[in-house]
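Structure data (mmCIF, C-alpha atoms) from run.cif:
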data_work
loop_
_atom_site.group_PDB
_atom_site.id
_atom_site.type_symbol
_atom_site.label_atom_id
_atom_site.label_comp_id
_atom_site.auth_asym_id
_atom_site.auth_seq_id
_atom_site.Cartn_x
_atom_site.Cartn_y
_atom_site.Cartn_z
ATOM 1 C CA GLY N 113 3.602 55.599 21.400
ATOM 2 C CA TYR N 114 0.738 55.542 18.982
ATOM 3 C CA ILE N 115 -0.831 58.730 17.632
ATOM 4 C CA GLU N 116 -4.612 58.647 17.597
ATOM 5 C CA LEU N 117 -6.364 59.968 14.512
ATOM 6 C CA LYS N 118 -9.073 62.557 15.184
ATOM 7 C CA ASN N 119 -12.001 63.894 13.184
ATOM 8 C CA GLU N 120 -11.025 66.862 11.064
ATOM 9 C CA GLY N 121 -11.443 70.016 13.127
ATOM 10 C CA GLU N 122 -10.699 68.294 16.468
ATOM 11 C CA GLY N 123 -7.080 69.438 16.223
ATOM 12 C CA ALA N 124 -4.790 67.755 18.727
ATOM 13 C CA GLY N 125 -1.675 69.788 17.908
ATOM 14 C CA VAL N 126 1.492 68.427 16.365
ATOM 15 C CA HIS N 127 2.850 65.073 17.513
ATOM 16 C CA PHE N 128 6.619 64.582 17.499
ATOM 17 C CA VAL N 129 7.921 61.301 16.097
ATOM 18 C CA THR N 130 11.339 59.813 16.788
ATOM 19 C CA GLY N 131 12.755 57.071 14.638
ATOM 20 C CA ASP N 132 11.775 56.031 11.155
ATOM 21 C CA LYS N 133 8.173 54.832 11.703
ATOM 22 C CA LEU N 134 4.875 56.588 12.275
ATOM 23 C CA LEU N 135 2.619 54.574 14.606
ATOM 24 C CA LEU N 136 -1.122 55.262 14.455
ATOM 25 C CA LYS N 137 -4.133 54.043 16.367
ATOM 26 C CA TYR N 138 -7.415 54.230 14.506
ATOM 27 C CA TYR N 139 -10.830 52.948 15.624
ATOM 28 C CA SER N 140 -13.155 52.084 12.756
ATOM 29 C CA PHE N 141 -16.904 51.628 13.161
ATOM 30 C CA GLU N 142 -17.096 50.355 9.580
ATOM 31 C CA LYS N 143 -16.733 46.743 8.431
ATOM 32 C CA SER N 144 -13.365 45.711 6.980
ATOM 33 C CA HIS N 145 -12.381 47.701 3.908
ATOM 34 C CA GLN N 146 -9.483 49.181 1.936
ATOM 35 C CA ALA N 147 -8.805 52.846 2.682
ATOM 36 C CA MET N 148 -6.499 55.389 1.098
ATOM 37 C CA VAL N 149 -3.994 56.904 3.519
ATOM 38 C CA ARG N 150 -2.533 60.240 2.433
ATOM 39 C CA PHE N 151 0.533 62.025 3.753
ATOM 40 C CA LEU N 152 0.519 65.768 3.054
ATOM 41 C CA ASP N 153 3.107 68.478 3.610
ATOM 42 C CA LYS N 154 2.340 71.726 5.468
ATOM 43 C CA ASP N 155 0.991 73.274 2.247
ATOM 44 C CA GLY N 156 -1.374 70.360 1.590
ATOM 45 C CA ARG N 157 0.705 68.813 -1.199
ATOM 46 C CA LEU N 158 0.697 65.023 -1.456
ATOM 47 C CA VAL N 159 3.949 63.440 -0.233
ATOM 48 C CA LYS N 160 2.875 59.794 -0.207
ATOM 49 C CA ARG N 161 -0.269 57.696 -0.680
ATOM 50 C CA ILE N 162 -0.791 54.131 0.569
ATOM 51 C CA LYS N 163 -3.711 51.711 0.317
ATOM 52 C CA GLN N 164 -4.333 50.171 3.743
ATOM 53 C CA GLN N 165 -6.601 47.424 5.046
ATOM 54 C CA ILE N 166 -8.842 48.792 7.822
ATOM 55 C CA ASN N 167 -10.787 46.426 10.071
ATOM 56 C CA TYR N 168 -13.725 47.004 12.389
ATOM 57 C CA GLY N 169 -12.483 48.070 15.833
ATOM 58 C CA ASP N 170 -8.990 49.079 16.842
ATOM 59 C CA ASN N 171 -6.397 49.309 14.090
ATOM 60 C CA TYR N 172 -2.737 49.728 15.023
ATOM 61 C CA LEU N 173 -0.895 50.927 11.941
ATOM 62 C CA SER N 174 2.796 51.422 11.246
ATOM 63 C CA PHE N 175 4.136 53.450 8.319
ATOM 64 C CA PRO N 176 7.815 53.839 7.373
ATOM 65 C CA LEU N 177 9.061 57.427 7.144
ATOM 66 C CA GLU N 178 11.621 57.138 4.390
ATOM 67 C CA ARG N 179 13.127 59.867 2.230
ATOM 68 C CA GLY N 180 10.656 62.561 1.331
ATOM 69 C CA PHE N 181 10.004 63.194 5.029
ATOM 70 C CA GLN N 182 12.360 65.766 6.516
ATOM 71 C CA PRO N 183 13.023 66.345 10.243
ATOM 72 C CA GLY N 184 11.546 69.591 11.566
ATOM 73 C CA GLN N 185 8.795 69.793 8.921
ATOM 74 C CA VAL N 186 5.112 69.408 9.813
ATOM 75 C CA TYR N 187 3.118 66.757 7.942
ATOM 76 C CA HIS N 188 -0.499 65.628 8.052
ATOM 77 C CA ILE N 189 -1.802 62.109 7.662
ATOM 78 C CA GLU N 190 -5.410 61.578 6.544
ATOM 79 C CA ILE N 191 -7.707 58.574 6.227
ATOM 80 C CA ASP N 192 -11.185 58.870 4.722
ATOM 81 C CA ASN N 193 -13.703 56.941 6.791
ATOM 82 C CA ARG N 194 -15.570 55.407 3.825
ATOM 83 C CA GLY N 195 -16.877 58.766 2.686
ATOM 84 C CA HIS N 196 -18.151 59.895 6.090
ATOM 85 C CA ASP N 197 -15.530 61.706 8.131
ATOM 86 C CA LYS N 198 -11.955 62.574 7.336
ATOM 87 C CA LEU N 199 -9.644 61.580 10.177
ATOM 88 C CA SER N 200 -6.274 63.230 10.506
ATOM 89 C CA ALA N 201 -3.260 63.993 12.669
ATOM 90 C CA ALA N 202 -0.305 66.350 12.348
ATOM 91 C CA PHE N 203 3.228 65.141 13.039
ATOM 92 C CA SER N 204 6.838 66.239 12.801
ATOM 93 C CA ILE N 205 10.013 64.146 12.868
ATOM 94 C CA LYS N 206 12.503 65.048 15.611
#
Would you write out, as C-alpha cells, the structure that this file holds?
Amino acid sequence: GYIELKNEGEGAGVHFVTGDKLLLKYYSFEKSHQAMVRFLDKDGRLVKRIKQQINYGDNYLSFPLERGFQPGQVYHIEIDNRGHDKLSAAFSIK
C-alpha cells in the first residue's frame, strides 16, 4: 500500500516496504509546483534527490529503490511543502 507523508514531528513509526518501489500518498494544499524529494539514511546523509511534480490534491507517487538502498536499513523521505512544512516518513526495505 501507499505510505502517507506526515508533518515533521507527527512520527508514524517505520513503514516496511517489499519489492523495489516506494509508494507514497501526499495531499498538497498548494497549486501545482516542482518539489525536491530527498531520501536520507538513518544518520541524515543524502542518499538520493529527485525533482517531482506535485499537484493540488492527492498525489500518488512511486519511486524506484535501486542500489544505494539496503534491506534492513531505515531511511527517511522528505518533501518540502513550498517552504511551509516539511513532510516526511521513515521506511525500511524487507
Open item on the list: Using the chain letters and numbers from this file, what does the PyMOL selection byres ((chain N and resi 143) around 7) select? Give the answer as a ChimeraX atom specification.
Closed with: /N:141-142,144-145,167-168
- [ ] Please identify all polymer residues lying at most 6 Å from the point (-5.9, 52.4, 3.8) (file coordinates), using only C-alpha atoms, and present the result as number ranges by chain.
- [x] N: 146-149, 163-165
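For the residues N:Leu117, N:Val126, N:Ile205, N:Leu177, ranking by smallest atom-to-atom distance to Val159 of chain N using all atoms listed in the file places N:Leu177 first.
Residues in contact with Ala201 of chain N at up to 9 Å, not including ones fewer than 6 positions away on its chain and judged by all atoms listed in the file, are Ile115, Glu116, Leu117, Lys118, Asn119, Glu120, Gly123, Ala124, Gly125, Val126, His127, Tyr187, His188, Ile189 and Glu190 of chain N.
When all atoms listed in the file are used to measure the gap to Arg179 of chain N, the shortest distance among N:Gly113, N:Ala202, N:Asp132, N:Arg157 belongs to N:Asp132.
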- [ ] Kindly indicate which residue among N:Ile162, N:Lys133, N:Arg150, N:Gln185 lies nearest to Ser200 of chain N, using all atoms listed in the file for the distances.
- [x] N:Arg150
Task: Contacts of Gly131 of chain N at 12 Å (all atoms listed in the file; same-chain gap of 6+ positions) as a VMD selection string - done: chain N and resid 113 174 to 178 181 to 183 204 to 206
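Taking atom CA of Asn171 of chain N and atom CA of Asp197 of chain N as endpoints, the distance between them is 16.5 Å.
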